[in-house]
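Engineer: Contents of run-v9.csv (CSV, C-alpha atoms) are below:
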chain,number,residue,atom,x,y,z
A,1,MET,CA,0.0,0.0,0.0
A,2,THR,CA,1.5,3.3,-1.0
A,3,MET,CA,0.4,6.6,0.3
A,4,ALA,CA,-0.8,9.2,-2.2
A,5,THR,CA,1.5,12.3,-1.9
A,6,THR,CA,-0.1,14.5,-4.6
A,7,ASP,CA,-1.1,17.9,-3.2
A,8,ARG,CA,0.5,17.1,0.2
A,9,SER,CA,2.5,19.6,2.2
A,10,LEU,CA,6.3,19.5,1.6
A,11,CYS,CA,6.9,20.5,5.2
A,12,PRO,CA,9.7,18.3,6.5
A,13,ILE,CA,7.7,17.3,9.5
A,14,ASN,CA,4.8,16.1,7.4
A,15,LEU,CA,7.1,14.2,5.1
A,16,ALA,CA,8.8,12.4,8.0
A,17,VAL,CA,5.4,11.6,9.6
A,18,GLU,CA,4.2,10.1,6.3
A,19,VAL,CA,7.2,7.7,6.5
A,20,LEU,CA,7.4,7.1,10.3
A,21,GLY,CA,4.0,8.3,11.6
A,22,ASP,CA,2.6,5.2,13.2
A,23,ARG,CA,3.5,3.2,16.3
A,24,TRP,CA,4.3,0.0,14.4
A,25,THR,CA,7.0,1.6,12.2
A,26,LEU,CA,8.7,3.1,15.2
A,27,LEU,CA,8.6,-0.2,17.1
A,28,ILE,CA,10.0,-2.1,14.2
A,29,LEU,CA,12.8,0.4,13.9
A,30,ARG,CA,13.4,0.0,17.7
A,31,ASP,CA,13.7,-3.7,17.3
A,32,LEU,CA,16.1,-3.4,14.3
A,33,ILE,CA,18.3,-0.8,16.0
A,34,PHE,CA,18.4,-2.0,19.6
A,35,ALA,CA,17.5,-5.7,19.5
A,36,ASP,CA,19.3,-6.5,16.2
A,37,ARG,CA,16.2,-8.4,14.9
A,38,ARG,CA,16.8,-8.7,11.2
A,39,HIS,CA,14.5,-11.4,10.0
A,40,PHE,CA,10.7,-11.3,9.6
A,41,ARG,CA,10.1,-14.1,12.1
A,42,GLU,CA,12.4,-12.5,14.7
A,43,LEU,CA,10.5,-9.2,14.4
A,44,LEU,CA,7.2,-11.0,14.6
A,45,ARG,CA,7.9,-13.3,17.5
A,46,GLY,CA,10.0,-10.8,19.4
A,47,SER,CA,7.3,-8.2,19.4
A,48,GLU,CA,6.0,-7.7,23.0
A,49,GLU,CA,3.3,-5.5,21.4
A,50,ARG,CA,2.0,-8.4,19.4
A,51,ILE,CA,2.3,-7.0,15.9
A,52,THR,CA,0.4,-9.0,13.3
A,53,SER,CA,2.2,-10.6,10.4
A,54,SER,CA,0.2,-8.5,7.9
A,55,ILE,CA,1.1,-5.2,9.6
A,56,LEU,CA,4.7,-6.2,9.9
A,57,ALA,CA,4.9,-7.2,6.2
A,58,ASP,CA,3.3,-3.9,5.2
A,59,ARG,CA,5.6,-1.7,7.4
A,60,LEU,CA,8.7,-3.6,6.3
A,61,ASP,CA,7.7,-3.0,2.7
A,62,ARG,CA,7.1,0.7,3.4
A,63,LEU,CA,10.4,1.1,5.1
A,64,THR,CA,12.1,-0.7,2.2
A,65,THR,CA,10.4,1.5,-0.4
A,66,ALA,CA,11.3,4.6,1.6
A,67,GLY,CA,15.0,3.6,1.5
A,68,ILE,CA,15.3,3.1,5.3
A,69,LEU,CA,15.8,-0.6,5.0
A,70,THR,CA,17.1,-3.0,2.4
A,71,ARG,CA,15.8,-6.5,2.0
A,72,GLU,CA,18.2,-9.2,0.9
A,73,ASP,CA,18.1,-12.9,0.7
A,74,ASP,CA,19.7,-14.6,3.7
A,75,PRO,CA,22.7,-16.7,2.5
A,76,THR,CA,22.0,-19.2,5.4
A,77,HIS,CA,18.5,-20.1,4.3
A,78,ARG,CA,16.8,-19.8,0.9
A,79,GLN,CA,13.4,-18.9,2.2
A,80,LYS,CA,14.6,-16.2,4.6
A,81,ALA,CA,15.1,-12.5,3.9
A,82,ARG,CA,17.3,-10.3,6.1
A,83,TYR,CA,16.5,-6.6,6.6
A,84,THR,CA,19.3,-4.2,7.0
A,85,LEU,CA,19.3,-0.5,7.9
A,86,THR,CA,20.6,1.9,5.3
A,87,ASP,CA,22.4,5.1,6.1
A,88,LYS,CA,19.1,6.8,6.0
A,89,GLY,CA,17.8,4.3,8.6
A,90,ILE,CA,20.9,4.7,10.8
A,91,ASP,CA,20.3,8.4,10.7
A,92,LEU,CA,17.1,7.7,12.7
A,93,VAL,CA,18.9,6.6,15.8
A,94,PRO,CA,18.8,10.1,17.4
A,95,VAL,CA,15.1,10.4,16.5
A,96,ILE,CA,14.3,7.0,18.1
A,97,ALA,CA,16.5,7.9,21.1
A,98,THR,CA,14.7,11.2,21.6
A,99,VAL,CA,11.3,9.5,21.5
A,100,ALA,CA,12.6,6.9,24.0
A,101,GLN,CA,14.0,9.6,26.3
A,102,TRP,CA,10.6,11.4,26.2
A,103,GLY,CA,8.8,8.2,27.0
A,104,ALA,CA,11.1,7.4,29.9
A,105,ASN,CA,10.7,10.9,31.3
A,106,HIS,CA,6.9,11.4,30.8
A,107,CYS,CA,5.3,7.9,30.8
A,108,PRO,CA,5.2,5.0,33.3
A,109,ALA,CA,8.1,3.1,31.5
A,110,ASP,CA,9.5,-0.1,32.9
A,111,PRO,CA,12.7,0.9,34.6
A,112,GLU,CA,14.4,-2.3,33.3
A,113,LYS,CA,13.8,-1.1,29.7
A,114,THR,CA,15.2,2.4,30.1
A,115,ASP,CA,18.9,1.4,30.1
A,116,VAL,CA,19.2,2.1,26.4
A,117,VAL,CA,17.7,5.5,27.0
A,118,ALA,CA,20.2,6.3,29.7
A,119,ALA,CA,23.1,5.1,27.5
A,120,LEU,CA,22.0,7.4,24.7
A,121,ALA,CA,21.2,10.4,26.9
A,122,TYR,CA,22.4,13.7,25.6
A,123,ASP,CA,22.3,17.4,26.5
A,124,ARG,CA,19.7,19.4,24.6
A,125,PRO,CA,21.1,21.7,22.1
A,126,ALA,CA,20.9,25.4,23.2
A,127,SER,CA,18.7,26.2,20.2
A,128,TRP,CA,16.1,23.6,21.3
A,129,THR,CA,16.2,25.0,24.9
A,130,HIS,CA,15.6,28.5,23.5
A,131,VAL,CA,12.5,27.4,21.5
A,132,MET,CA,11.2,25.4,24.5
A,133,ASP,CA,11.6,28.3,26.9
A,134,ALA,CA,9.8,30.6,24.4
A,135,LEU,CA,7.0,28.1,24.1
A,136,ARG,CA,6.6,27.9,27.9
A,137,THR,CA,6.3,31.7,28.0
A,138,GLN,CA,3.7,31.6,25.3
A,139,HIS,CA,1.7,28.6,26.4
A,140,ARG,CA,2.3,28.4,30.1
A,141,PRO,CA,3.0,31.9,31.4
A,142,GLU,CA,2.4,30.8,35.0
A,143,ALA,CA,5.2,28.2,34.6
A,144,ALA,CA,7.6,30.7,33.1
A,145,VAL,CA,7.4,33.1,36.0
A,146,GLY,CA,10.8,33.3,37.8
A,147,THR,CA,12.6,31.2,35.1
Now, as a test, write the supplied structure out as structure tokens.

Structural biologist:
Amino acid sequence: MTMATTDRSLCPINLAVEVLGDRWTLLILRDLIFADRRHFRELLRGSEERITSSILADRLDRLTTAGILTREDDPTHRQKARYTLTDKGIDLVPVIATVAQWGANHCPADPEKTDVVAALAYDRPASWTHVMDALRTQHRPEAAVGT
């Protein structure tokens, strides 16, 4: 299934959401990046969130079409395919890490599953802090008092 892009916004956020914008895509990328699951069956059976085989197949196809993954025959087994991150996919590590850090900070995450978040923790760029402070002033003036 391909998404129609005629007359769509060329805003970079919109374009990224069209590729990455559902939970299954992000969870598949999580498992490829942090759990080194590279085969369909590993991704399917290893999913604590119980992804269905049809959704997994669709999202892997989308990620391959988008150039985030490559699909190649596995030399160890004729009927297996192996999925590999491309450079475009590897460039998503900071995005996934930022989403994970947000989840660890603002959701009731399992403490045993936040080790990877701690290992990838980073200091926010000053430009981000500046935008966030301005947004707090605009959206939450009572919180910005005295900051």

Engineer: Would you kindly return, as a list in words, each protein, DNA or RNA residue with an atom no farther than 12 Å from any atom of Arg124 (chain A), considering all atoms listed in the file and excluding same-chain residues fewer than 4 positions away?

Structural biologist: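 Here the answer would be Pro94, Thr98, Gln101, Trp128, Thr129, His130, Val131 and Met132 of chain A.
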
Engineer: Taking C-alpha atoms for each residue, export the selection above as a PDB file, in the coordinates of the input.

Structural biologist:
ATOM      1  CA  PRO A  94      18.800  10.100  17.400  1.00  0.00           C
ATOM      2  CA  THR A  98      14.700  11.200  21.600  1.00  0.00           C
ATOM      3  CA  GLN A 101      14.000   9.600  26.300  1.00  0.00           C
ATOM      4  CA  TRP A 128      16.100  23.600  21.300  1.00  0.00           C
ATOM      5  CA  THR A 129      16.200  25.000  24.900  1.00  0.00           C
ATOM      6  CA  HIS A 130      15.600  28.500  23.500  1.00  0.00           C
ATOM      7  CA  VAL A 131      12.500  27.400  21.500  1.00  0.00           C
ATOM      8  CA  MET A 132      11.200  25.400  24.500  1.00  0.00           C
TER       9      MET A 132
END

Engineer: Enter the distance from CA of Arg140 (chain A) to CA of Ala100 (chain A), in Å, rounded to one decimal.

Structural biologist: 24.6 Å

Engineer: Compare A:Phe34, A:Tyr83, A:Trp102, A:Trp24 by their minimum atom-to-atom distance to Leu69 (chain A), counting all atoms listed in the file, and give me the closest one.

Structural biologist: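 Looking only at the distances to Leu69 (chain A), the closest residue turns out to be A:Tyr83.
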
Engineer: Please identify all polymer residues within 12 Å of Val17 (chain A), counting all atoms listed in the file, omitting same-chain residues fewer than 5 positions from it, and present them as a ChimeraX atom specification.

Structural biologist: /A:3,8-12,22-23,25-26,95

Engineer: Write the residues of the preceding selection, restricted to C-alpha atoms, as a short mmCIF file (atom, residue, chain, number, x, y, z; two decimals), in the coordinates of the input.

Structural biologist:
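Writing the result to result_26.cif gives the following:
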data_model
loop_
_atom_site.label_atom_id
_atom_site.label_comp_id
_atom_site.auth_asym_id
_atom_site.auth_seq_id
_atom_site.Cartn_x
_atom_site.Cartn_y
_atom_site.Cartn_z
CA MET A 3 0.40 6.60 0.30
CA ARG A 8 0.50 17.10 0.20
CA SER A 9 2.50 19.60 2.20
CA LEU A 10 6.30 19.50 1.60
CA CYS A 11 6.90 20.50 5.20
CA PRO A 12 9.70 18.30 6.50
CA ASP A 22 2.60 5.20 13.20
CA ARG A 23 3.50 3.20 16.30
CA THR A 25 7.00 1.60 12.20
CA LEU A 26 8.70 3.10 15.20
CA VAL A 95 15.10 10.40 16.50
#

Engineer: To one decimal in Å, tell me the separation between CA of Thr64 (chain A) and CA of Leu85 (chain A).

Structural biologist: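 Separation of CA of Thr64 (chain A) and CA of Leu85 (chain A): 9.2 Å.
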
Engineer: Measure the distance from CA of Arg71 (chain A) to CA of Val117 (chain A) in Å and round it to one decimal.

Structural biologist: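 Going from CA of Arg71 (chain A) over to CA of Val117 (chain A), I get 27.8 Å.
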
Engineer: Measuring atom to atom with only C-alpha atoms, identify which of A:Arg62, A:His139, A:Arg30, A:His39 is nearest to Thr76 (chain A).

Structural biologist: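 Closest to Thr76 (chain A), using only C-alpha atoms: A:His39.
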
Engineer: Applying 8 Å and all atoms listed in the file, which residues near Val19 (chain A) remain after dropping the ones on its own chain fewer than 4 positions away? List them as a VMD selection string.

Structural biologist: chain A and resid 15 62 to 63 66

Engineer: Taking into account all atoms listed in the file, which residue in the set A:Ala35, A:Phe40, A:Ser54, A:Asp91 is nearest to Glu72 (chain A)?

Structural biologist: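 Of the candidates, the smallest distance to Glu72 (chain A) is held by A:Phe40.
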
Engineer: Closest to Ile96 (chain A) among A:Ser127, A:Asp110, A:Leu120, A:Ile51, using only C-alpha atoms?

Structural biologist: A:Leu120

Engineer: Of the candidates A:Val116, A:Ile28, A:Ile33, A:Leu92, which one gets nearest to Leu56 (chain A) if we count all atoms listed in the file?

Structural biologist: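 Among A:Val116, A:Ile28, A:Ile33, A:Leu92, it is A:Ile28 that comes nearest to Leu56 (chain A).
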
Engineer: Find, counting only C-alpha atoms, the residue in A:Ala104, A:Leu29, A:Ala109, A:Ile13 that gets nearest to Gly89 (chain A).

Structural biologist: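 Of A:Ala104, A:Leu29, A:Ala109, A:Ile13, the one nearest Gly89 (chain A) is A:Leu29, counting only C-alpha atoms.
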